[in-house]
Every structure is written in C-alpha cells, then in structure tokens.
>>> print(open('start.pdb').read())   # PDB, C-alpha atoms and all ligand atoms
ATOM      1  CA  MET F   1     -10.820  14.721  12.363
ATOM      2  CA  LYS F   2     -11.959  14.815   8.730
ATOM      3  CA  LEU F   3     -12.392  11.015   8.628
ATOM      4  CA  LYS F   4     -14.481  10.732  11.799
ATOM      5  CA  GLY F   5     -17.113   8.007  11.417
ATOM      6  CA  ARG F   6     -15.212   6.300   8.581
ATOM      7  CA  THR F   7     -13.442   2.972   8.634
ATOM      8  CA  ALA F   8     -10.110   2.251   6.971
ATOM      9  CA  ILE F   9      -8.405  -1.071   6.337
ATOM     10  CA  VAL F  10      -4.646  -0.781   5.883
ATOM     11  CA  THR F  11      -2.892  -3.949   4.730
ATOM     12  CA  GLY F  12       0.768  -4.326   5.619
ATOM     13  CA  ALA F  13       0.262  -1.921   8.527
ATOM     14  CA  GLY F  14       2.189  -4.024  11.025
ATOM     15  CA  ARG F  15       5.267  -1.948  10.308
ATOM     16  CA  GLY F  16       6.899   0.585   8.024
ATOM     17  CA  ILE F  17       4.978   2.711   5.552
ATOM     18  CA  GLY F  18       1.651   0.937   6.206
ATOM     19  CA  LYS F  19       1.970   1.522   9.939
ATOM     20  CA  ALA F  20       2.665   5.234   9.433
ATOM     21  CA  MET F  21      -0.335   5.514   7.085
ATOM     22  CA  ALA F  22      -2.604   3.717   9.568
ATOM     23  CA  GLY F  23      -1.451   6.177  12.238
ATOM     24  CA  ARG F  24      -2.319   9.158  10.058
ATOM     25  CA  LEU F  25      -5.770   7.841   9.128
ATOM     26  CA  ALA F  26      -6.443   7.216  12.832
ATOM     27  CA  ALA F  27      -5.297  10.758  13.649
ATOM     28  CA  ASP F  28      -7.734  11.961  10.966
ATOM     29  CA  GLY F  29     -10.505  10.257  12.983
ATOM     30  CA  ALA F  30     -10.962   6.958  11.128
ATOM     31  CA  SER F  31     -11.433   3.590  12.816
ATOM     32  CA  VAL F  32      -8.530   1.514  11.545
ATOM     33  CA  VAL F  33      -8.047  -2.173  10.794
ATOM     34  CA  VAL F  34      -4.407  -3.270  10.770
ATOM     35  CA  ALA F  35      -4.250  -6.255   8.395
ATOM     36  CA  ASP F  36      -0.902  -8.017   8.205
ATOM     37  CA  ILE F  37       0.781 -11.391   8.612
ATOM     38  CA  ALA F  38       2.984 -10.004  11.399
ATOM     39  CA  GLN F  39       2.814  -7.411  14.195
ATOM     40  CA  TYR F  40      -0.838  -6.594  13.394
ATOM     41  CA  ASP F  41      -1.793  -6.992  17.075
ATOM     42  CA  VAL F  42       1.072  -4.831  18.386
ATOM     43  CA  ALA F  43       0.419  -2.079  15.834
ATOM     44  CA  ALA F  44      -3.335  -2.107  16.549
ATOM     45  CA  ALA F  45      -2.680  -1.951  20.302
ATOM     46  CA  GLU F  46      -0.432   1.091  19.769
ATOM     47  CA  LEU F  47      -3.197   2.834  17.809
ATOM     48  CA  ALA F  48      -5.767   1.996  20.494
ATOM     49  CA  LYS F  49      -3.419   3.385  23.142
ATOM     50  CA  SER F  50      -3.343   6.690  21.278
ATOM     51  CA  GLY F  51      -7.166   6.827  21.531
ATOM     52  CA  ALA F  52      -8.121   5.398  18.123
ATOM     53  CA  ARG F  53     -10.664   2.673  17.431
ATOM     54  CA  ALA F  54      -8.426  -0.066  16.067
ATOM     55  CA  LEU F  55      -8.548  -3.752  15.276
ATOM     56  CA  GLY F  56      -5.620  -6.007  14.403
ATOM     57  CA  LEU F  57      -6.261  -8.934  12.055
ATOM     58  CA  ARG F  58      -3.968 -11.660  10.775
ATOM     59  CA  VAL F  59      -4.489 -11.488   7.027
ATOM     60  CA  ASP F  60      -2.441 -13.014   4.221
ATOM     61  CA  VAL F  61      -3.538 -10.848   1.304
ATOM     62  CA  SER F  62      -2.825 -13.662  -1.173
ATOM     63  CA  SER F  63      -5.481 -15.855   0.471
ATOM     64  CA  GLU F  64      -9.042 -15.286  -0.688
ATOM     65  CA  SER F  65     -10.515 -16.732   2.503
ATOM     66  CA  ASP F  66      -8.332 -14.380   4.596
ATOM     67  CA  THR F  67      -9.348 -11.291   2.613
ATOM     68  CA  ALA F  68     -13.034 -12.275   2.749
ATOM     69  CA  SER F  69     -12.890 -12.659   6.521
ATOM     70  CA  MET F  70     -10.949  -9.366   6.766
ATOM     71  CA  ALA F  71     -13.944  -7.589   5.237
ATOM     72  CA  ALA F  72     -16.439  -9.557   7.357
ATOM     73  CA  GLU F  73     -14.558  -8.857  10.616
ATOM     74  CA  THR F  74     -14.296  -5.170   9.747
ATOM     75  CA  ILE F  75     -18.046  -4.933   9.171
ATOM     76  CA  LYS F  76     -18.680  -6.820  12.420
ATOM     77  CA  ALA F  77     -16.452  -4.445  14.390
ATOM     78  CA  PHE F  78     -17.163  -1.085  12.748
ATOM     79  CA  GLY F  79     -20.234  -1.545  10.495
ATOM     80  CA  ARG F  80     -18.720  -0.101   7.305
ATOM     81  CA  ILE F  81     -15.651   0.026   5.060
ATOM     82  CA  ASP F  82     -14.807   3.415   3.563
ATOM     83  CA  ILE F  83     -11.107   3.224   2.801
ATOM     84  CA  LEU F  84      -8.780   0.422   1.698
ATOM     85  CA  VAL F  85      -5.042   1.053   1.588
ATOM     86  CA  ASN F  86      -3.231  -1.775  -0.198
ATOM     87  CA  CYS F  87       0.222  -1.498   1.291
ATOM     88  CA  ALA F  88       1.144  -5.145   1.973
ATOM     89  CA  ALA F  89       3.814  -6.380  -0.375
ATOM     90  CA  MET F  90       6.775  -8.630  -0.735
ATOM     91  CA  PHE F  91       9.419  -5.935  -0.862
ATOM     92  CA  ALA F  92      12.096  -5.730   1.802
ATOM     93  CA  ALA F  93      12.378  -9.544   1.728
ATOM     94  CA  VAL F  94      13.247  -9.511  -2.002
ATOM     95  CA  LYS F  95      16.824 -10.436  -2.896
ATOM     96  CA  ILE F  96      18.444  -7.849  -5.158
ATOM     97  CA  GLY F  97      20.143  -9.299  -8.250
ATOM     98  CA  PRO F  98      20.117 -10.028 -11.982
ATOM     99  CA  PHE F  99      16.805 -11.233 -13.374
ATOM    100  CA  GLU F 100      18.252 -14.569 -14.546
ATOM    101  CA  GLU F 101      18.847 -15.458 -10.910
ATOM    102  CA  ILE F 102      15.293 -14.920  -9.684
ATOM    103  CA  PRO F 103      13.770 -18.378  -9.113
ATOM    104  CA  ALA F 104      10.415 -18.995 -10.827
ATOM    105  CA  ASP F 105       8.867 -19.836  -7.455
ATOM    106  CA  GLU F 106       9.876 -16.405  -6.118
ATOM    107  CA  TRP F 107       8.263 -14.743  -9.176
ATOM    108  CA  LYS F 108       5.037 -16.629  -8.493
ATOM    109  CA  ARG F 109       4.931 -15.903  -4.766
ATOM    110  CA  LEU F 110       5.723 -12.216  -5.253
ATOM    111  CA  LEU F 111       3.044 -11.748  -7.924
ATOM    112  CA  GLU F 112       0.588 -13.635  -5.706
ATOM    113  CA  ILE F 113       1.130 -11.137  -2.883
ATOM    114  CA  ASN F 114       1.817  -7.876  -4.757
ATOM    115  CA  VAL F 115      -0.680  -8.240  -7.617
ATOM    116  CA  LEU F 116      -3.296 -10.893  -6.811
ATOM    117  CA  GLY F 117      -3.284  -9.724  -3.167
ATOM    118  CA  VAL F 118      -4.310  -6.205  -4.216
ATOM    119  CA  ALA F 119      -7.105  -7.596  -6.409
ATOM    120  CA  LEU F 120      -8.389  -9.892  -3.643
ATOM    121  CA  CYS F 121      -8.513  -7.082  -1.087
ATOM    122  CA  CYS F 122     -10.363  -4.856  -3.586
ATOM    123  CA  LYS F 123     -12.791  -7.697  -4.320
ATOM    124  CA  ALA F 124     -13.487  -8.211  -0.607
ATOM    125  CA  VAL F 125     -14.322  -4.570   0.163
ATOM    126  CA  THR F 126     -16.092  -3.561  -3.055
ATOM    127  CA  PRO F 127     -19.580  -4.936  -2.208
ATOM    128  CA  HIS F 128     -19.594  -2.860   0.993
ATOM    129  CA  MET F 129     -18.366   0.308  -0.749
ATOM    130  CA  ARG F 130     -20.913  -0.229  -3.542
ATOM    131  CA  ARG F 131     -23.706  -0.504  -0.987
ATOM    132  CA  GLN F 132     -22.550   2.770   0.588
ATOM    133  CA  ARG F 133     -22.125   4.287  -2.902
ATOM    134  CA  SER F 134     -18.755   5.621  -1.824
ATOM    135  CA  GLY F 135     -15.272   4.372  -1.181
ATOM    136  CA  ARG F 136     -11.582   5.104  -1.469
ATOM    137  CA  ILE F 137      -9.071   2.534  -2.650
ATOM    138  CA  ILE F 138      -5.425   3.562  -2.409
ATOM    139  CA  ASN F 139      -2.727   1.276  -3.801
ATOM    140  CA  LEU F 140       0.957   1.459  -2.957
ATOM    141  CA  ALA F 141       2.830   1.463  -6.264
ATOM    142  CA  SER F 142       6.449   2.601  -6.568
ATOM    143  CA  GLY F 143       8.633   4.982  -8.538
ATOM    144  CA  ALA F 144      10.646   1.935  -9.681
ATOM    145  CA  PRO F 145       8.516   1.056 -12.760
ATOM    146  CA  LEU F 146       8.393   4.739 -13.746
ATOM    147  CA  LYS F 147      12.180   5.003 -13.710
ATOM    148  CA  GLY F 148      13.100   1.454 -14.761
ATOM    149  CA  VAL F 149      15.067   0.554 -11.638
ATOM    150  CA  PRO F 150      17.054  -2.665 -12.263
ATOM    151  CA  TYR F 151      17.789  -5.795 -10.215
ATOM    152  CA  PHE F 152      14.354  -6.712  -8.892
ATOM    153  CA  LEU F 153      12.505  -7.417 -12.106
ATOM    154  CA  HIS F 154       9.603  -9.295 -10.492
ATOM    155  CA  TYR F 155       9.061  -6.470  -7.997
ATOM    156  CA  ILE F 156       9.119  -3.684 -10.592
ATOM    157  CA  ALA F 157       6.768  -5.755 -12.791
ATOM    158  CA  SER F 158       4.369  -6.111  -9.868
ATOM    159  CA  LYS F 159       4.333  -2.384  -9.160
ATOM    160  CA  GLY F 160       3.790  -1.611 -12.860
ATOM    161  CA  ALA F 161       0.804  -3.949 -12.614
ATOM    162  CA  VAL F 162      -0.470  -2.042  -9.572
ATOM    163  CA  ILE F 163      -0.480   1.186 -11.604
ATOM    164  CA  ALA F 164      -2.339  -0.593 -14.444
ATOM    165  CA  MET F 165      -4.877  -2.105 -12.005
ATOM    166  CA  THR F 166      -5.423   1.308 -10.433
ATOM    167  CA  ARG F 167      -6.424   2.702 -13.830
ATOM    168  CA  GLY F 168      -8.603  -0.240 -14.876
ATOM    169  CA  LEU F 169     -10.364  -0.499 -11.547
ATOM    170  CA  ALA F 170     -10.978   3.252 -11.423
ATOM    171  CA  ARG F 171     -13.003   2.896 -14.643
ATOM    172  CA  GLU F 172     -14.885  -0.150 -13.311
ATOM    173  CA  LEU F 173     -15.826   1.477 -10.022
ATOM    174  CA  GLY F 174     -16.331   5.145 -10.904
ATOM    175  CA  LYS F 175     -20.070   4.689 -11.410
ATOM    176  CA  ASP F 176     -20.308   3.351  -7.835
ATOM    177  CA  GLY F 177     -18.761   6.443  -6.279
ATOM    178  CA  ILE F 178     -15.518   4.595  -5.519
ATOM    179  CA  THR F 179     -12.194   6.239  -6.377
ATOM    180  CA  VAL F 180      -9.041   4.225  -6.994
ATOM    181  CA  ASN F 181      -5.667   5.948  -6.877
ATOM    182  CA  ALA F 182      -2.056   4.977  -6.300
ATOM    183  CA  ILE F 183       0.873   6.449  -4.419
ATOM    184  CA  ALA F 184       4.353   5.904  -5.847
ATOM    185  CA  PRO F 185       7.023   6.439  -3.206
ATOM    186  CA  GLY F 186      10.715   6.727  -3.931
ATOM    187  CA  LEU F 187      13.255   4.664  -2.023
ATOM    188  CA  THR F 188      12.056   5.111   1.547
ATOM    189  CA  VAL F 189      13.901   4.341   4.750
ATOM    190  CA  SER F 190      11.278   2.079   6.340
ATOM    191  CA  ASP F 191      11.509  -0.671   8.962
ATOM    192  CA  GLY F 192      11.989  -3.065   6.041
ATOM    193  CA  THR F 193      14.676  -1.284   4.019
ATOM    194  CA  ALA F 194      16.568  -0.134   7.124
ATOM    195  CA  GLY F 195      17.174  -3.805   7.960
ATOM    196  CA  ARG F 196      18.276  -4.710   4.411
ATOM    197  CA  PRO F 197      21.407  -2.739   3.423
ATOM    198  CA  GLU F 198      21.321  -4.099  -0.159
ATOM    199  CA  HIS F 199      18.093  -2.152  -0.733
ATOM    200  CA  LEU F 200      19.896   1.034   0.252
ATOM    201  CA  ARG F 201      23.027   0.252  -1.814
ATOM    202  CA  ASN F 202      22.349   3.099  -4.244
ATOM    203  CA  HIS F 203      20.770   5.366  -1.687
ATOM    204  CA  ALA F 204      23.125   8.286  -2.367
ATOM    205  CA  ASP F 205      22.317   8.115  -6.122
ATOM    206  CA  SER F 206      18.597   8.026  -5.329
ATOM    207  CA  ILE F 207      18.894  11.103  -3.150
ATOM    208  CA  ARG F 208      20.920  12.922  -5.814
ATOM    209  CA  SER F 209      18.181  12.184  -8.398
ATOM    210  CA  ARG F 210      15.642  14.176  -6.343
ATOM    211  CA  ALA F 211      14.745  17.847  -6.625
ATOM    212  CA  ILE F 212      14.591  17.786  -2.814
ATOM    213  CA  GLN F 213      17.841  16.008  -1.967
ATOM    214  CA  ARG F 214      17.250  14.193   1.305
ATOM    215  CA  GLU F 215      16.171  10.796   2.613
ATOM    216  CA  GLU F 216      12.517   9.794   2.261
ATOM    217  CA  HIS F 217      10.748   8.484   5.382
ATOM    218  CA  PRO F 218       7.297   6.909   5.866
ATOM    219  CA  GLU F 219       6.048  10.196   7.361
ATOM    220  CA  ASP F 220       6.658  11.852   3.969
ATOM    221  CA  LEU F 221       3.870   9.672   2.525
ATOM    222  CA  VAL F 222       1.086  10.144   5.061
ATOM    223  CA  GLY F 223      -0.172  13.490   3.723
ATOM    224  CA  ALA F 224      -0.845  11.887   0.337
ATOM    225  CA  VAL F 225      -2.848   9.027   1.852
ATOM    226  CA  SER F 226      -4.838  11.464   3.981
ATOM    227  CA  PHE F 227      -5.700  13.515   0.879
ATOM    228  CA  LEU F 228      -6.634  10.492  -1.248
ATOM    229  CA  ALA F 229      -8.814   9.079   1.568
ATOM    230  CA  GLY F 230     -10.787  12.254   2.120
ATOM    231  CA  ASP F 231     -13.617  14.224   0.512
ATOM    232  CA  ASP F 232     -11.204  16.586  -1.267
ATOM    233  CA  CYS F 233     -10.331  13.705  -3.577
ATOM    234  CA  ALA F 234     -13.894  12.984  -4.745
ATOM    235  CA  PHE F 235     -13.241  13.824  -8.428
ATOM    236  CA  MET F 236      -9.772  12.346  -8.829
ATOM    237  CA  THR F 237      -9.424   8.694  -9.798
ATOM    238  CA  GLY F 238      -7.114   6.380 -11.719
ATOM    239  CA  GLN F 239      -4.126   8.565 -10.851
ATOM    240  CA  THR F 240      -0.672   7.814  -9.504
ATOM    241  CA  LEU F 241       0.688  10.394  -7.094
ATOM    242  CA  VAL F 242       4.473  10.310  -7.093
ATOM    243  CA  VAL F 243       5.821  11.237  -3.664
ATOM    244  CA  ASP F 244       9.601  11.013  -3.961
ATOM    245  CA  GLY F 245      11.040  14.486  -3.515
ATOM    246  CA  GLY F 246      10.846  15.120  -7.262
ATOM    247  CA  SER F 247      12.822  12.256  -8.785
ATOM    248  CA  ALA F 248      10.335  10.690 -11.203
ATOM    249  CA  MET F 249       8.194  13.449 -12.752
ATOM    250  CA  LEU F 250       5.012  12.468 -14.626
TER     251      LEU F 250
HETATM  252  N1  LIG F 301      10.320   1.356   1.346
HETATM  253  C1  LIG F 301      10.467   1.716   0.058
HETATM  254  O1  LIG F 301      11.554   2.153  -0.390
HETATM  255  C2  LIG F 301       9.298   1.646  -0.895
HETATM  256  C3  LIG F 301       9.381   2.346  -2.117
HETATM  257  C4  LIG F 301       8.310   2.257  -3.004
HETATM  258  C5  LIG F 301       7.190   1.518  -2.686
HETATM  259  N2  LIG F 301       7.134   0.851  -1.489
HETATM  260  C6  LIG F 301       5.925   0.070  -1.187
HETATM  261  O2  LIG F 301       5.358   0.539   0.018
HETATM  262  C7  LIG F 301       4.766  -0.552   0.730
HETATM  263  C8  LIG F 301       5.347  -0.671   2.127
HETATM  264  O3  LIG F 301       6.758  -0.691   2.047
HETATM  265  P1  LIG F 301       7.670  -0.956   3.332
HETATM  266  O4  LIG F 301       9.019  -0.445   3.015
HETATM  267  O5  LIG F 301       6.990  -0.490   4.585
HETATM  268  O6  LIG F 301       7.706  -2.558   3.234
HETATM  269  P2  LIG F 301       7.968  -3.666   4.327
HETATM  270  O7  LIG F 301       8.496  -4.847   3.577
HETATM  271  O8  LIG F 301       8.777  -3.125   5.453
HETATM  272  O9  LIG F 301       6.501  -3.949   4.884
HETATM  273  C9  LIG F 301       5.594  -4.683   4.175
HETATM  274  C10 LIG F 301       4.511  -5.145   5.131
HETATM  275  O10 LIG F 301       3.677  -6.045   4.401
HETATM  276  C11 LIG F 301       3.458  -7.200   5.191
HETATM  277  N3  LIG F 301       3.201  -8.347   4.326
HETATM  278  C12 LIG F 301       4.083  -9.027   3.547
HETATM  279  N4  LIG F 301       3.465 -10.048   2.939
HETATM  280  C13 LIG F 301       2.173 -10.014   3.324
HETATM  281  C14 LIG F 301       1.031 -10.806   3.033
HETATM  282  N5  LIG F 301       1.108 -11.858   2.222
HETATM  283  N6  LIG F 301      -0.159 -10.487   3.593
HETATM  284  C15 LIG F 301      -0.242  -9.412   4.441
HETATM  285  N7  LIG F 301       0.794  -8.639   4.770
HETATM  286  C16 LIG F 301       1.985  -8.933   4.213
HETATM  287  C17 LIG F 301       4.734  -7.363   5.995
HETATM  288  O11 LIG F 301       4.521  -8.193   7.133
HETATM  289  C18 LIG F 301       5.068  -5.925   6.335
HETATM  290  O12 LIG F 301       4.434  -5.497   7.518
HETATM  291  C19 LIG F 301       4.986  -1.787  -0.138
HETATM  292  O13 LIG F 301       3.878  -1.981  -0.981
HETATM  293  C20 LIG F 301       6.208  -1.404  -0.960
HETATM  294  O14 LIG F 301       6.270  -2.137  -2.169
HETATM  295  C21 LIG F 301       8.158   0.891  -0.592
END
>>> encode(input="start.pdb", output="structure tokens", more="lines below")
Ligand SMILES: NC(=O)c1ccc[n+]([C@@H]2O[C@H](COP(=O)([O-])OP(=O)(O)OC[C@H]3O[C@@H](n4cnc5c(N)ncnc54)[C@H](O)[C@@H]3O)[C@@H](O)[C@H]2O)c1
Amino acid sequence: MKLKGRTAIVTGAGRGIGKAMAGRLAADGASVVVADIAQYDVAAAELAKSGARALGLRVDVSSESDTASMAAETIKAFGRIDILVNCAAMFAAVKIGPFEEIPADEWKRLLEINVLGVALCCKAVTPHMRRQRSGRIINLASGAPLKGVPYFLHYIASKGAVIAMTRGLARELGKDGITVNAIAPGLTVSDGTAGRPEHLRNHADSIRSRAIQREEHPEDLVGAVSFLAGDDCAFMTGQTLVVDGGSAML
C-alpha cells in the first residue's frame, strides 16, 4: 500500500493497458480516477468492487474544458492529485498502411489526442501538483519511434513527440518537485490490439526481436508504472523506460 493517501488519474483506463495500470495503482493504495471516452464507469465500478476508492469520468483528452473539469472533479472527490498517467491515445483504431494514404484529417485528429491531449492533461493537473510541491507524471510512449516501425507514420510521430515532451516538461517542472517520465511498451496484446489483427500482423517478428521471446501483455507494464509513481523514483525524471522484453535497447 505504498501509494495510500495518494490520488492517481489514469487517462485511457477504460480498457487495455490503462485499465491494468489503474488496477495496479489502486492495489498500491491510491484513489484512482478512470478518465476515458468509453467504459470509464464500468472500469471504475470494477475498481470500487475490489475495495479501491475510484471515480469514473467521461473525458476527451483533446478537449481543454474536459481536462480542466477532470482535474476539478478529482479535487472535489479526493482533495489532491499526485499521479497522472497519460495513457489515452488513438492507437488500436489507427489503420495500418503507407504514409501517402493517411488522410490529413486523420493526422490532425491523432495529433490532437496523442500529443495535445497529453499536454492538456499535464496543464490541468500541474497547478495542484505545484501547490503540493510534488507530483508524478507518467506518459505512455512506445518502442515504435525508437525502432522506426513503419506503416503508421502519424502514430510513431506522436509517440516520438511524447518522448520529447517528457524531457522538456521534466526540465520545466523539476523545480516544483514534479517528475515526468515515460514508459515505452513493445507491441502488447491489449483489448485494442487483440481486436485488430492488422496490428498483430508482424507479431512473430516482434517476439523474435526480443531478448525475452514471448508475447507482451498489459500486466508486464504495471510494475514500471508502480515504480515511476512511487517515492523510489524521486530523483529520476525525463527518462523513457523501455518495457518490451529487450527489443529496443537504449
Ligand atoms: N498495445 C500496444 O501494442 C502498445 C504499444 C506501445 C504503446 N502503446 C500505448 O499504450 C497506451 C494504451 O494502449 P492500448 O493498447 O491499451 O490502447 P487502446 O486503443 O486499446 O486503448 C486506448 C484507450 O484510450 C481511450 N481513448 C481514445 N481516445 C481518447 C480520448 N480522446 N480521450 C480519452 N480517452 C481516449 C480509448 O477509449 C481506450 O480506452 C496508448 O497510449 C498506446 O499508444 C500501446
């Protein structure tokens, strides 16, 4: 219960990796806000059933009014914001294909969610973390920009931007006692990818590229989020933790 008394917001926690991370932070003792455009209420109810303090909120991370009310509702319910996990993204819904075929509107919408959405969520929670003089921001990046994975150029660009924002924001917020780190998963069998076979088209190659040659599941990522959210991570910021069984090595 190392996070007892702390409050975590996990965006994109309605399903998949975000949901698993929310579950781990709750098991560590945190009160958890599930912020998503879908299944936020079901996921929060499941957490509450397991004994956690949980709140489900409908939040579109690309909307500034939604992210502002996410922070306000969290304060109203739990009185503080200690941890923000930026997991929401346009990912499983992305069509795989050559970059010339990605419509400009899809580029714009994806960057609005995956890049601007991260910035808006950080902006909404920062005043509260600054007041507390402590905070943990954890961004979901990806191994894709590290390895140059083809056929979703807008997505890999967005995750490269997440790594860059993690570094820049870490320098802006260090003086306030707020750490900013990223987790870069490999191809993970999540609720999203399991329903989209084209995402798993090169799954065997992905597995072969790993030092530990097996599938990656959301549960493989929860230890990293627990570490980055806790006191043991007080002097580590601006970093990207690659959790992919040893495929990309920094
Ligand atoms: N699964 C993988 O192979 C993999 C690999 C590397 C990185 N990641 C990253 O991990 C995170 C989670 O991945 P996943 O596989 O669980 O993805 P997913 O697509 O299954 O889930 C994404 C979640 O984000 C929510 N979401 C989408 N748009 C939103 C918006 N505008 N506002 C709020 N919520 C929104 C969805 O409703 C969903 O619950 C993402 O950031 C993804 O880019 C995933």
>>> residues_around(input="start.pdb", residues="stretch 67-70 of chain F", least_positions_apart="5", cutoff="8 Å", atoms="only C-alpha atoms", output="list of chain:residue names")
F:Ala35, F:Leu57, F:Val59, F:Asp60, F:Val61, F:Ser62, F:Leu120, F:Cys121, F:Ala124
>>> atom_distance(input="start.pdb", atom1="atom CA of F:Val34", atom2="atom CA of F:Met1")
19.2 Å
>>> resolve_selection(input="start.pdb", expression="the PyMOL selection byres (((chain F and resi 204-216) around 7) and not hetatm)", output="MDAnalysis selection string")
chainID F and resid 187:189 202:203 217:218 220 244:247
>>> residues_near_ligand(input="start.pdb", ligand="ligand LIG 301 (chain F)", cutoff="6 Å", atoms="only C-alpha atoms and all ligand atoms", output="PyMOL selection string")
chain F and resi 11-18+36-38+59-62+87-92+113+140-142+185-193
>>> atom_distance(input="start.pdb", atom1="atom CA of F:Gly51", atom2="atom CA of F:Asp66")
27.2 Å
>>> closest_residue(input="start.pdb", among="F:Leu3, F:Gly238, F:His154, F:Ala248", to="F:Asp105", atoms="only C-alpha atoms")
F:His154
>>> closest_residue(input="start.pdb", among="F:Val10, F:Val94, F:Leu55, F:Val149", to="F:Glu73", atoms="all atoms listed in the file")
F:Leu55
>>> residues_near_point(input="start.pdb", point="(-11.7, 1.8, 1.1)", cutoff="10 Å", atoms="only C-alpha atoms", output="list in words")
Arg6, Thr7, Ala8, Ile9, Val10, Arg80, Ile81, Asp82, Ile83, Leu84, Val85, Asn86, Cys121, Cys122, Val125, Thr126, His128, Met129, Ser134, Gly135, Arg136, Ile137, Ile138, Ile178, Thr179, Val180 and Ala229 of chain F
>>> atom_distance(input="start.pdb", atom1="atom CA of F:Glu112", atom2="atom CA of F:Pro197")
25.2 Å
>>> resolve_selection(input="start.pdb", expression="the PyMOL selection byres (((chain F and resi 153) around 10) and not hetatm)", output="VMD selection string")
chain F and resid 96 to 100 102 107 144 to 145 148 to 152 154 to 158
>>> axis_aligned_box(input="start.pdb", around="stretch 117-124 of chain F", padding_each_side="4 Å", output="AutoDock Vina command-line options")
--center_x -8.4 --center_y -7.4 --center_z -3.5 --size_x 18.2 --size_y 13.0 --size_z 13.8
>>> closest_residue(input="start.pdb", among="F:Leu47, F:Val33, F:Leu200, F:Val222", to="F:Ala71", atoms="only C-alpha atoms")
F:Val33
